[in-house]
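Structure file protein_25.pdb; described as PDB, C-alpha atoms, pLDDT in the B column.
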```pdb
ATOM      1  CA  MET A   1      73.476  33.564 -30.949  1.00 58.00           C
ATOM      2  CA  ASN A   2      74.217  32.486 -34.502  1.00 89.00           C
ATOM      3  CA  GLN A   3      76.639  29.524 -34.608  1.00 88.00           C
ATOM      4  CA  THR A   4      79.009  31.342 -36.958  1.00 90.00           C
ATOM      5  CA  LEU A   5      79.204  34.290 -34.574  1.00 93.00           C
ATOM      6  CA  ASP A   6      79.740  31.844 -31.704  1.00 93.00           C
ATOM      7  CA  ALA A   7      82.803  30.445 -33.490  1.00 94.00           C
ATOM      8  CA  ILE A   8      84.129  33.951 -34.197  1.00 95.00           C
ATOM      9  CA  PHE A   9      83.766  35.181 -30.623  1.00 94.00           C
ATOM     10  CA  GLN A  10      85.015  31.937 -29.049  1.00 93.00           C
ATOM     11  CA  ARG A  11      88.126  31.633 -31.214  1.00 95.00           C
ATOM     12  CA  ARG A  12      91.325  32.299 -29.299  1.00 95.00           C
ATOM     13  CA  ALA A  13      95.006  31.802 -30.011  1.00 96.00           C
ATOM     14  CA  VAL A  14      95.632  28.634 -28.004  1.00 97.00           C
ATOM     15  CA  ARG A  15      99.217  28.244 -26.780  1.00 96.00           C
ATOM     16  CA  VAL A  16      99.201  24.613 -25.617  1.00 97.00           C
ATOM     17  CA  PHE A  17      97.431  21.678 -27.281  1.00 97.00           C
ATOM     18  CA  GLU A  18      96.782  18.100 -26.243  1.00 95.00           C
ATOM     19  CA  PRO A  19      97.538  15.334 -28.755  1.00 88.00           C
ATOM     20  CA  VAL A  20      94.436  14.380 -30.760  1.00 95.00           C
ATOM     21  CA  GLU A  21      93.988  12.796 -34.160  1.00 95.00           C
ATOM     22  CA  ILE A  22      92.570  15.007 -36.912  1.00 97.00           C
ATOM     23  CA  SER A  23      90.671  12.790 -39.311  1.00 97.00           C
ATOM     24  CA  GLU A  24      90.982  13.137 -43.070  1.00 97.00           C
ATOM     25  CA  GLY A  25      87.333  14.213 -43.241  1.00 97.00           C
ATOM     26  CA  LEU A  26      87.812  16.940 -40.652  1.00 98.00           C
ATOM     27  CA  ARG A  27      90.956  18.141 -42.411  1.00 98.00           C
ATOM     28  CA  GLU A  28      89.091  18.396 -45.717  1.00 98.00           C
ATOM     29  CA  GLN A  29      86.265  20.397 -44.140  1.00 98.00           C
ATOM     30  CA  ILE A  30      88.703  22.884 -42.612  1.00 98.00           C
ATOM     31  CA  LEU A  31      90.690  23.312 -45.833  1.00 98.00           C
ATOM     32  CA  ASN A  32      87.543  23.500 -47.960  1.00 98.00           C
ATOM     33  CA  ALA A  33      86.340  26.390 -45.815  1.00 97.00           C
ATOM     34  CA  ALA A  34      89.703  28.104 -46.317  1.00 98.00           C
ATOM     35  CA  ARG A  35      89.596  27.873 -50.100  1.00 96.00           C
ATOM     36  CA  HIS A  36      86.066  29.319 -50.180  1.00 97.00           C
ATOM     37  CA  ALA A  37      87.309  32.648 -48.842  1.00 97.00           C
ATOM     38  CA  PRO A  38      86.920  35.605 -51.206  1.00 96.00           C
ATOM     39  CA  SER A  39      89.966  36.568 -53.234  1.00 94.00           C
ATOM     40  CA  SER A  40      90.777  39.356 -55.662  1.00 88.00           C
ATOM     41  CA  PHE A  41      89.604  38.378 -59.178  1.00 87.00           C
ATOM     42  CA  ASN A  42      88.929  34.903 -57.707  1.00 92.00           C
ATOM     43  CA  SER A  43      92.674  34.403 -58.179  1.00 93.00           C
ATOM     44  CA  GLN A  44      93.082  32.296 -54.999  1.00 96.00           C
ATOM     45  CA  PRO A  45      96.800  33.219 -54.788  1.00 95.00           C
ATOM     46  CA  TYR A  46      97.756  30.842 -51.992  1.00 97.00           C
ATOM     47  CA  LYS A  47      98.826  27.323 -51.076  1.00 97.00           C
ATOM     48  CA  PHE A  48      98.433  25.363 -47.856  1.00 98.00           C
ATOM     49  CA  TYR A  49     101.003  22.863 -46.596  1.00 98.00           C
ATOM     50  CA  TRP A  50      99.329  20.611 -44.007  1.00 98.00           C
ATOM     51  CA  VAL A  51     102.066  19.132 -41.817  1.00 98.00           C
ATOM     52  CA  ARG A  52     100.812  16.066 -39.931  1.00 95.00           C
ATOM     53  CA  SER A  53     103.551  13.423 -39.575  1.00 95.00           C
ATOM     54  CA  ALA A  54     105.496  13.474 -36.306  1.00 95.00           C
ATOM     55  CA  ALA A  55     108.885  13.868 -37.992  1.00 97.00           C
ATOM     56  CA  GLU A  56     107.716  16.702 -40.239  1.00 97.00           C
ATOM     57  CA  LYS A  57     106.034  18.488 -37.336  1.00 97.00           C
ATOM     58  CA  VAL A  58     109.210  18.353 -35.258  1.00 97.00           C
ATOM     59  CA  ALA A  59     111.204  19.830 -38.151  1.00 98.00           C
ATOM     60  CA  VAL A  60     108.686  22.605 -38.874  1.00 98.00           C
ATOM     61  CA  ALA A  61     108.166  23.386 -35.161  1.00 98.00           C
ATOM     62  CA  LYS A  62     111.905  23.899 -34.834  1.00 97.00           C
ATOM     63  CA  LEU A  63     111.764  26.394 -37.712  1.00 98.00           C
ATOM     64  CA  CYS A  64     108.871  28.091 -35.888  1.00 98.00           C
ATOM     65  CA  LEU A  65     111.435  28.959 -33.207  1.00 96.00           C
ATOM     66  CA  GLY A  66     110.314  26.110 -30.947  1.00 95.00           C
ATOM     67  CA  GLN A  67     107.101  27.871 -29.951  1.00 96.00           C
ATOM     68  CA  LYS A  68     104.855  25.823 -27.680  1.00 97.00           C
ATOM     69  CA  PRO A  69     101.822  25.909 -30.009  1.00 97.00           C
ATOM     70  CA  ALA A  70     103.968  24.528 -32.826  1.00 98.00           C
ATOM     71  CA  GLU A  71     105.499  21.817 -30.642  1.00 97.00           C
ATOM     72  CA  THR A  72     102.172  20.576 -29.192  1.00 97.00           C
ATOM     73  CA  ALA A  73      99.817  20.978 -32.195  1.00 98.00           C
ATOM     74  CA  SER A  74      98.196  17.998 -33.886  1.00 97.00           C
ATOM     75  CA  ALA A  75      98.990  19.590 -37.242  1.00 98.00           C
ATOM     76  CA  LEU A  76     100.691  22.680 -38.608  1.00 98.00           C
ATOM     77  CA  VAL A  77      99.503  24.552 -41.668  1.00 98.00           C
ATOM     78  CA  VAL A  78     102.090  26.617 -43.498  1.00 98.00           C
ATOM     79  CA  VAL A  79     100.157  29.216 -45.481  1.00 98.00           C
ATOM     80  CA  VAL A  80     101.933  30.588 -48.542  1.00 98.00           C
ATOM     81  CA  ALA A  81     101.120  33.489 -50.853  1.00 98.00           C
ATOM     82  CA  ASP A  82     101.655  31.946 -54.285  1.00 97.00           C
ATOM     83  CA  LEU A  83     102.143  34.187 -57.319  1.00 94.00           C
ATOM     84  CA  GLY A  84     103.165  31.249 -59.457  1.00 92.00           C
ATOM     85  CA  SER A  85      99.645  29.778 -59.426  1.00 93.00           C
ATOM     86  CA  LEU A  86      97.850  32.725 -61.068  1.00 92.00           C
ATOM     87  CA  SER A  87      98.014  31.522 -64.670  1.00 90.00           C
ATOM     88  CA  VAL A  88      97.091  27.929 -63.821  1.00 94.00           C
ATOM     89  CA  THR A  89      94.161  29.126 -61.672  1.00 95.00           C
ATOM     90  CA  ALA A  90      92.837  31.290 -64.509  1.00 93.00           C
ATOM     91  CA  GLN A  91      93.093  28.357 -66.928  1.00 94.00           C
ATOM     92  CA  GLY A  92      91.339  26.120 -64.411  1.00 96.00           C
ATOM     93  CA  GLN A  93      88.421  28.513 -64.077  1.00 96.00           C
ATOM     94  CA  LEU A  94      88.189  28.834 -67.837  1.00 95.00           C
ATOM     95  CA  ALA A  95      88.046  25.038 -68.235  1.00 96.00           C
ATOM     96  CA  TRP A  96      85.368  24.861 -65.519  1.00 96.00           C
ATOM     97  CA  MET A  97      83.282  27.523 -67.297  1.00 96.00           C
ATOM     98  CA  ARG A  98      83.431  25.522 -70.529  1.00 96.00           C
ATOM     99  CA  ARG A  99      82.488  22.260 -68.758  1.00 97.00           C
ATOM    100  CA  SER A 100      79.613  24.078 -67.039  1.00 96.00           C
ATOM    101  CA  ASN A 101      78.304  25.316 -70.404  1.00 96.00           C
ATOM    102  CA  PHE A 102      78.683  29.007 -69.681  1.00 96.00           C
ATOM    103  CA  PRO A 103      77.586  31.199 -72.607  1.00 96.00           C
ATOM    104  CA  GLU A 104      80.416  31.850 -75.053  1.00 95.00           C
ATOM    105  CA  GLU A 105      80.096  35.573 -74.386  1.00 95.00           C
ATOM    106  CA  LYS A 106      80.806  35.025 -70.666  1.00 95.00           C
ATOM    107  CA  ILE A 107      83.807  32.838 -71.477  1.00 95.00           C
ATOM    108  CA  ARG A 108      85.270  35.433 -73.844  1.00 95.00           C
ATOM    109  CA  ASP A 109      84.680  38.163 -71.260  1.00 95.00           C
ATOM    110  CA  TYR A 110      86.555  36.147 -68.622  1.00 94.00           C
ATOM    111  CA  GLU A 111      89.408  35.440 -71.065  1.00 92.00           C
ATOM    112  CA  ARG A 112      89.662  39.160 -71.789  1.00 91.00           C
ATOM    113  CA  ARG A 113      89.684  40.133 -68.108  1.00 88.00           C
ATOM    114  CA  ALA A 114      92.259  37.443 -67.309  1.00 87.00           C
ATOM    115  CA  LYS A 115      94.520  38.722 -70.086  1.00 86.00           C
ATOM    116  CA  ILE A 116      94.227  42.313 -68.851  1.00 82.00           C
ATOM    117  CA  GLY A 117      94.959  41.129 -65.324  1.00 79.00           C
ATOM    118  CA  ARG A 118      98.125  39.358 -66.466  1.00 78.00           C
ATOM    119  CA  ILE A 119      99.316  42.534 -68.174  1.00 77.00           C
ATOM    120  CA  LEU A 120      98.484  44.772 -65.207  1.00 76.00           C
ATOM    121  CA  PHE A 121     100.151  42.434 -62.720  1.00 76.00           C
ATOM    122  CA  MET A 122     103.232  41.717 -64.815  1.00 72.00           C
ATOM    123  CA  PRO A 123     106.305  43.300 -63.172  1.00 68.00           C
ATOM    124  CA  GLY A 124     108.507  42.451 -66.152  1.00 66.00           C
ATOM    125  CA  PRO A 125     112.239  41.705 -66.089  1.00 68.00           C
ATOM    126  CA  PHE A 126     113.980  43.738 -63.379  1.00 65.00           C
ATOM    127  CA  GLY A 127     110.631  45.446 -62.705  1.00 66.00           C
ATOM    128  CA  MET A 128     110.968  47.452 -65.928  1.00 71.00           C
ATOM    129  CA  PHE A 129     107.195  47.625 -66.473  1.00 76.00           C
ATOM    130  CA  ALA A 130     106.681  49.330 -63.098  1.00 77.00           C
ATOM    131  CA  ALA A 131     107.795  52.744 -64.370  1.00 77.00           C
ATOM    132  CA  ILE A 132     105.596  52.423 -67.467  1.00 79.00           C
ATOM    133  CA  LYS A 133     102.560  51.472 -65.390  1.00 80.00           C
ATOM    134  CA  ARG A 134     103.220  54.237 -62.867  1.00 79.00           C
ATOM    135  CA  ALA A 135     103.379  56.891 -65.608  1.00 82.00           C
ATOM    136  CA  LEU A 136     100.357  55.517 -67.466  1.00 83.00           C
ATOM    137  CA  PHE A 137      98.098  55.306 -64.422  1.00 82.00           C
ATOM    138  CA  TRP A 138      99.305  58.693 -63.160  1.00 84.00           C
ATOM    139  CA  LEU A 139      98.198  60.273 -66.434  1.00 85.00           C
ATOM    140  CA  LEU A 140      94.867  58.431 -66.422  1.00 84.00           C
ATOM    141  CA  ASN A 141      94.285  59.516 -62.831  1.00 85.00           C
ATOM    142  CA  LEU A 142      94.421  63.183 -63.882  1.00 85.00           C
ATOM    143  CA  TRP A 143      90.961  62.885 -65.403  1.00 86.00           C
ATOM    144  CA  LYS A 144      89.522  59.721 -63.893  1.00 86.00           C
ATOM    145  CA  VAL A 145      89.292  58.199 -60.413  1.00 87.00           C
ATOM    146  CA  LEU A 146      91.521  55.160 -60.707  1.00 80.00           C
ATOM    147  CA  GLY A 147      93.417  52.769 -58.472  1.00 80.00           C
ATOM    148  CA  MET A 148      97.050  51.821 -58.929  1.00 79.00           C
ATOM    149  CA  PRO A 149      97.875  48.210 -59.844  1.00 79.00           C
ATOM    150  CA  PRO A 150     100.808  46.426 -58.195  1.00 83.00           C
ATOM    151  CA  LEU A 151     103.985  47.987 -59.565  1.00 79.00           C
ATOM    152  CA  SER A 152     106.662  45.708 -58.131  1.00 83.00           C
ATOM    153  CA  ARG A 153     106.986  42.106 -57.015  1.00 84.00           C
ATOM    154  CA  GLN A 154     106.769  43.389 -53.436  1.00 88.00           C
ATOM    155  CA  ASP A 155     103.439  45.042 -54.316  1.00 89.00           C
ATOM    156  CA  LEU A 156     102.253  41.761 -55.845  1.00 91.00           C
ATOM    157  CA  PHE A 157     103.073  39.858 -52.661  1.00 94.00           C
ATOM    158  CA  LYS A 158     101.250  42.529 -50.622  1.00 94.00           C
ATOM    159  CA  TRP A 159      98.224  42.085 -52.880  1.00 94.00           C
ATOM    160  CA  ALA A 160      98.371  38.269 -52.620  1.00 95.00           C
ATOM    161  CA  THR A 161      98.812  38.406 -48.841  1.00 97.00           C
ATOM    162  CA  LYS A 162      95.457  40.161 -48.442  1.00 97.00           C
ATOM    163  CA  SER A 163      93.571  37.303 -50.107  1.00 96.00           C
ATOM    164  CA  THR A 164      95.725  34.732 -48.317  1.00 98.00           C
ATOM    165  CA  SER A 165      94.891  36.282 -44.934  1.00 98.00           C
ATOM    166  CA  LEU A 166      91.157  36.004 -45.679  1.00 98.00           C
ATOM    167  CA  ALA A 167      91.657  32.293 -46.363  1.00 98.00           C
ATOM    168  CA  CYS A 168      93.542  31.956 -43.054  1.00 98.00           C
ATOM    169  CA  GLN A 169      90.637  33.512 -41.165  1.00 98.00           C
ATOM    170  CA  ASN A 170      88.165  31.153 -42.842  1.00 98.00           C
ATOM    171  CA  LEU A 171      90.389  28.235 -41.863  1.00 98.00           C
ATOM    172  CA  MET A 172      90.558  29.250 -38.198  1.00 98.00           C
ATOM    173  CA  ILE A 173      86.826  29.988 -37.893  1.00 97.00           C
ATOM    174  CA  ALA A 174      85.987  26.654 -39.537  1.00 97.00           C
ATOM    175  CA  ALA A 175      88.332  24.799 -37.170  1.00 98.00           C
ATOM    176  CA  GLU A 176      86.669  26.487 -34.187  1.00 97.00           C
ATOM    177  CA  ALA A 177      83.178  25.664 -35.468  1.00 96.00           C
ATOM    178  CA  LEU A 178      84.237  22.015 -35.876  1.00 97.00           C
ATOM    179  CA  GLY A 179      85.499  21.743 -32.305  1.00 96.00           C
ATOM    180  CA  MET A 180      89.202  22.361 -32.918  1.00 97.00           C
ATOM    181  CA  ASN A 181      91.421  25.227 -31.771  1.00 97.00           C
ATOM    182  CA  THR A 182      94.118  27.196 -33.561  1.00 98.00           C
ATOM    183  CA  CYS A 183      97.026  29.548 -33.060  1.00 98.00           C
ATOM    184  CA  PRO A 184      98.315  31.733 -35.931  1.00 98.00           C
ATOM    185  CA  MET A 185     102.061  32.302 -35.733  1.00 98.00           C
ATOM    186  CA  GLU A 186     104.207  34.878 -37.490  1.00 96.00           C
ATOM    187  CA  GLY A 187     107.361  33.831 -35.655  1.00 96.00           C
ATOM    188  CA  PHE A 188     109.331  31.510 -37.947  1.00 98.00           C
ATOM    189  CA  ASP A 189     112.552  31.376 -39.904  1.00 98.00           C
ATOM    190  CA  GLY A 190     111.104  32.205 -43.311  1.00 97.00           C
ATOM    191  CA  ARG A 191     114.265  31.501 -45.276  1.00 97.00           C
ATOM    192  CA  ARG A 192     114.871  28.046 -43.820  1.00 98.00           C
ATOM    193  CA  LEU A 193     111.185  27.091 -43.799  1.00 98.00           C
ATOM    194  CA  SER A 194     110.865  28.094 -47.451  1.00 98.00           C
ATOM    195  CA  ARG A 195     113.892  25.995 -48.300  1.00 97.00           C
ATOM    196  CA  TYR A 196     112.521  23.059 -46.278  1.00 97.00           C
ATOM    197  CA  LEU A 197     109.270  23.162 -48.270  1.00 97.00           C
ATOM    198  CA  GLY A 198     111.060  23.671 -51.587  1.00 97.00           C
ATOM    199  CA  LEU A 199     109.532  27.099 -52.175  1.00 97.00           C
ATOM    200  CA  CYS A 200     110.811  29.639 -54.685  1.00 94.00           C
ATOM    201  CA  GLY A 201     111.366  33.177 -53.422  1.00 91.00           C
ATOM    202  CA  ARG A 202     110.298  34.583 -56.779  1.00 90.00           C
ATOM    203  CA  HIS A 203     106.807  33.074 -56.523  1.00 94.00           C
ATOM    204  CA  HIS A 204     106.238  32.230 -52.851  1.00 97.00           C
ATOM    205  CA  ASP A 205     106.107  34.053 -49.530  1.00 97.00           C
ATOM    206  CA  ILE A 206     105.087  32.413 -46.240  1.00 98.00           C
ATOM    207  CA  VAL A 207     102.321  34.498 -44.642  1.00 98.00           C
ATOM    208  CA  MET A 208     101.872  32.556 -41.398  1.00 98.00           C
ATOM    209  CA  VAL A 209     101.953  29.125 -39.808  1.00 98.00           C
ATOM    210  CA  ILE A 210      98.734  27.979 -38.111  1.00 98.00           C
ATOM    211  CA  ALA A 211      98.880  25.424 -35.305  1.00 98.00           C
ATOM    212  CA  ILE A 212      95.755  23.235 -35.070  1.00 98.00           C
ATOM    213  CA  GLY A 213      94.703  20.889 -32.297  1.00 97.00           C
ATOM    214  CA  LYS A 214      92.595  20.589 -29.185  1.00 97.00           C
ATOM    215  CA  LYS A 215      93.249  22.984 -26.340  1.00 96.00           C
ATOM    216  CA  SER A 216      95.019  21.300 -23.428  1.00 96.00           C
ATOM    217  CA  PRO A 217      92.945  21.169 -20.223  1.00 93.00           C
ATOM    218  CA  ALA A 218      96.065  22.435 -18.453  1.00 91.00           C
ATOM    219  CA  TYR A 219      96.092  25.610 -20.547  1.00 92.00           C
ATOM    220  CA  SER A 220      94.427  28.591 -18.904  1.00 91.00           C
ATOM    221  CA  GLU A 221      93.379  31.315 -21.304  1.00 89.00           C
ATOM    222  CA  PRO A 222      94.149  34.842 -20.153  1.00 89.00           C
ATOM    223  CA  PRO A 223      91.258  37.346 -20.191  1.00 91.00           C
ATOM    224  CA  GLN A 224      90.653  38.838 -23.606  1.00 92.00           C
ATOM    225  CA  TRP A 225      90.588  42.585 -24.238  1.00 94.00           C
ATOM    226  CA  ARG A 226      89.495  44.441 -27.345  1.00 94.00           C
ATOM    227  CA  ARG A 227      89.236  48.162 -27.942  1.00 96.00           C
ATOM    228  CA  PRO A 228      85.704  49.572 -27.564  1.00 96.00           C
ATOM    229  CA  LEU A 229      83.700  49.671 -30.785  1.00 95.00           C
ATOM    230  CA  ASP A 230      83.638  53.465 -30.888  1.00 94.00           C
ATOM    231  CA  ALA A 231      87.458  53.515 -30.699  1.00 96.00           C
ATOM    232  CA  THR A 232      87.701  51.196 -33.680  1.00 95.00           C
ATOM    233  CA  VAL A 233      84.855  52.253 -35.965  1.00 96.00           C
ATOM    234  CA  THR A 234      84.083  55.563 -37.638  1.00 95.00           C
ATOM    235  CA  VAL A 235      80.595  55.833 -39.121  1.00 95.00           C
ATOM    236  CA  LEU A 236      80.383  58.453 -41.885  1.00 94.00           C
TER     237      LEU A 236
END
```

In structure tokens, what does this structure look like?
Amino acid sequence: MNQTLDAIFQRRAVRVFEPVEISEGLREQILNAARHAPSSFNSQPYKFYWVRSAAEKVAVAKLCLGQKPAETASALVVVVADLGSLSVTAQGQLAWMRRSNFPEEKIRDYERRAKIGRILFMPGPFGMFAAIKRALFWLLNLWKVLGMPPLSRQDLFKWATKSTSLACQNLMIAAEALGMNTCPMEGFDGRRLSRYLGLCGRHHDIVMVIAIGKKSPAYSEPPQWRRPLDATVTVL
């Protein structure tokens, strides 16, 4: 079987880890795989906080409700949907295109699309642009098949979370392929963890915390069940 498929099918949420050192090189490979996940408009609306020191891990594990994967992991990765990075990311891609000698037409096209994206995704003060966008796109939809852009900050976080989740999956598959194990956790005190990391509620939302390490020999994985393919997939 293909090695990538091996990693996908072998990956499990490991609940107990044994202490191992994760080298800087291994960490970079795992995080590089995460950032190569696809994202809407190549916006990459996420940040990763790699928690490795013993003191920091104890503090973050406590905010993860003292779960065993968090307490025994070699490292914890706090994955954050980051709306505040959108403008900087767009400018970074534009600078890269210029350094890479993209044709001026391509650069102008990207600048135009980035500007339109900023307008479409702008909630405005007190969400005042949401009503305008809703009315405008409702009218356009009367004669043209058209999606609805994010109308509120909550919609923006929902949009960013989709791309962030793809990056999380890349991270976990890469860790598995490189001989490490993971456990994604949604159980954490989001308010206190955000404050601990110095996050801003206006721009940041913690999507999950991923425990990374080597599965403890003492940990026995329960049998895995998945719904049959025909109960999950509809072929049209």

Contact residues around A:Phe157 with only C-alpha atoms at 12 Å, ignoring same-chain residues under 5 positions, as a count of residues only: 23

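In this comparison, which uses only C-alpha atoms, the residue of A:Leu136, A:Cys168, A:Val58, A:Ala90 approaching A:Ala114 most closely is A:Ala90.
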
message: If we count all atoms listed in the file and set the cut-off at 7 Å, which residues sit around A:Met180, ignoring sequence neighbours fewer than 6 positions away in its own chain? Please answer as a ChimeraX atom specification.
response: /A:212-214

message: Under the rule that all atoms listed in the file are counted, which of A:Met172, A:Leu140, A:Val51, A:Arg108 is the nearest residue to A:Leu31?
response: A:Met172

message: Neighbouring residues of A:Ala54 were defined as those with any atom within 9 Å, considering only C-alpha atoms; residues of the same chain fewer than 4 positions away were excluded. Please report them as JSON, numbers by chain.
response: {"A": [58, 59, 74, 75]}

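Among A:Ala7, A:Val88, A:Ile119, A:Met148, the residue with the shortest atom-to-atom distance to A:Ala135, counting all atoms listed in the file, is A:Met148.
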
I need the output of the PyMOL selection byres ((chain A and resi 12) around 9) for this file as a PDB file with C-alpha atoms, keeping the file's coordinate frame; which residues are they?
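Okay, selection_37.pdb is ready:
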```pdb
ATOM      1  CA  ILE A   8      84.129  33.951 -34.197  1.00 95.00           C
ATOM      2  CA  PHE A   9      83.766  35.181 -30.623  1.00 94.00           C
ATOM      3  CA  GLN A  10      85.015  31.937 -29.049  1.00 93.00           C
ATOM      4  CA  ARG A  11      88.126  31.633 -31.214  1.00 95.00           C
ATOM      5  CA  ALA A  13      95.006  31.802 -30.011  1.00 96.00           C
ATOM      6  CA  VAL A  14      95.632  28.634 -28.004  1.00 97.00           C
ATOM      7  CA  GLU A 176      86.669  26.487 -34.187  1.00 97.00           C
ATOM      8  CA  ASN A 181      91.421  25.227 -31.771  1.00 97.00           C
ATOM      9  CA  THR A 182      94.118  27.196 -33.561  1.00 98.00           C
ATOM     10  CA  CYS A 183      97.026  29.548 -33.060  1.00 98.00           C
ATOM     11  CA  GLU A 221      93.379  31.315 -21.304  1.00 89.00           C
ATOM     12  CA  GLN A 224      90.653  38.838 -23.606  1.00 92.00           C
TER      13      GLN A 224
END
```

message: Please enumerate the residues selected by the PyMOL selection byres ((chain A and resi 188) around 8) when evaluated against the supplied file, formatted as a ChimeraX atom specification.
response: /A:63-65,185-187,189-190,193,209

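The shortest atom-to-atom distance to A:Lys115, with all atoms listed in the file taken into account, belongs to A:Ser87 out of A:Ser87, A:Thr72, A:Ser100, A:Ser216.
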
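Candidate residues A:Leu139, A:Ala211, A:Ala130, A:Leu156 were compared for distance to A:Ala175, and the nearest is A:Ala211, using all atoms listed in the file.
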
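Atom CA of A:Arg15 sits 9.1 Å away from atom CA of A:Ala73.
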
statement: Separating atom CA of A:Leu236 from atom CA of A:Asn42, to the nearest tenth of an Å, is a gap of 29.6 Å

task: For A:Val78, please output as a PyMOL selection string all residues within 7 Å (counting only C-alpha atoms; exclusion window: fewer than 6 positions along the same chain).
output: chain A and resi 48-50+208-210

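Here atom CA of A:Trp159 is placed at a distance of 13.0 Å from atom CA of A:Gly147.
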
statement: In terms of all atoms listed in the file, the residue from A:Ala61, A:Glu56, A:Gly66, A:Lys215 at minimal distance from A:Gly179 is A:Lys215

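Taken over the whole file, the PyMOL selection byres ((chain A and resi 218) around 9) covers exactly Val16, Phe17, Glu18, Lys215, Ser216, Pro217, Tyr219 and Ser220 of chain A.
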
How about completing stretch 102-116 of chain A with N, CA and C atoms and giving it to me as a compact mmCIF listing (two decimals), in the coordinates of the input?
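Output contents, as saved in rebuild-v4.txt:
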```
# COMPACT_ATOMS: atom_id res chain seq x y z
N PHE A 102 78.90 27.57 -69.74
CA PHE A 102 78.68 29.01 -69.68
C PHE A 102 78.50 29.54 -71.10
N PRO A 103 77.71 30.60 -71.27
CA PRO A 103 77.59 31.20 -72.61
C PRO A 103 78.96 31.63 -73.13
N GLU A 104 79.13 31.51 -74.45
CA GLU A 104 80.42 31.85 -75.05
C GLU A 104 80.81 33.30 -74.77
N GLU A 105 79.82 34.16 -74.68
CA GLU A 105 80.10 35.57 -74.39
C GLU A 105 80.75 35.73 -73.01
N LYS A 106 80.24 34.98 -72.02
CA LYS A 106 80.81 35.02 -70.67
C LYS A 106 82.24 34.49 -70.66
N ILE A 107 82.47 33.43 -71.41
CA ILE A 107 83.81 32.84 -71.48
C ILE A 107 84.79 33.82 -72.11
N ARG A 108 84.39 34.46 -73.19
CA ARG A 108 85.27 35.43 -73.84
C ARG A 108 85.54 36.62 -72.92
N ASP A 109 84.51 37.04 -72.18
CA ASP A 109 84.68 38.16 -71.26
C ASP A 109 85.69 37.81 -70.17
N TYR A 110 85.60 36.56 -69.65
CA TYR A 110 86.56 36.15 -68.62
C TYR A 110 87.96 36.06 -69.20
N GLU A 111 88.09 35.52 -70.42
CA GLU A 111 89.41 35.44 -71.06
C GLU A 111 90.02 36.83 -71.23
N ARG A 112 89.19 37.79 -71.59
CA ARG A 112 89.66 39.16 -71.79
C ARG A 112 90.12 39.77 -70.47
N ARG A 113 89.32 39.59 -69.41
CA ARG A 113 89.68 40.13 -68.11
C ARG A 113 90.94 39.47 -67.56
N ALA A 114 91.07 38.16 -67.78
CA ALA A 114 92.26 37.44 -67.31
C ALA A 114 93.51 37.94 -68.03
N LYS A 115 93.38 38.21 -69.31
CA LYS A 115 94.52 38.72 -70.09
C LYS A 115 94.92 40.11 -69.60
N ILE A 116 93.94 40.97 -69.37
CA ILE A 116 94.23 42.31 -68.85
C ILE A 116 94.89 42.23 -67.48
```
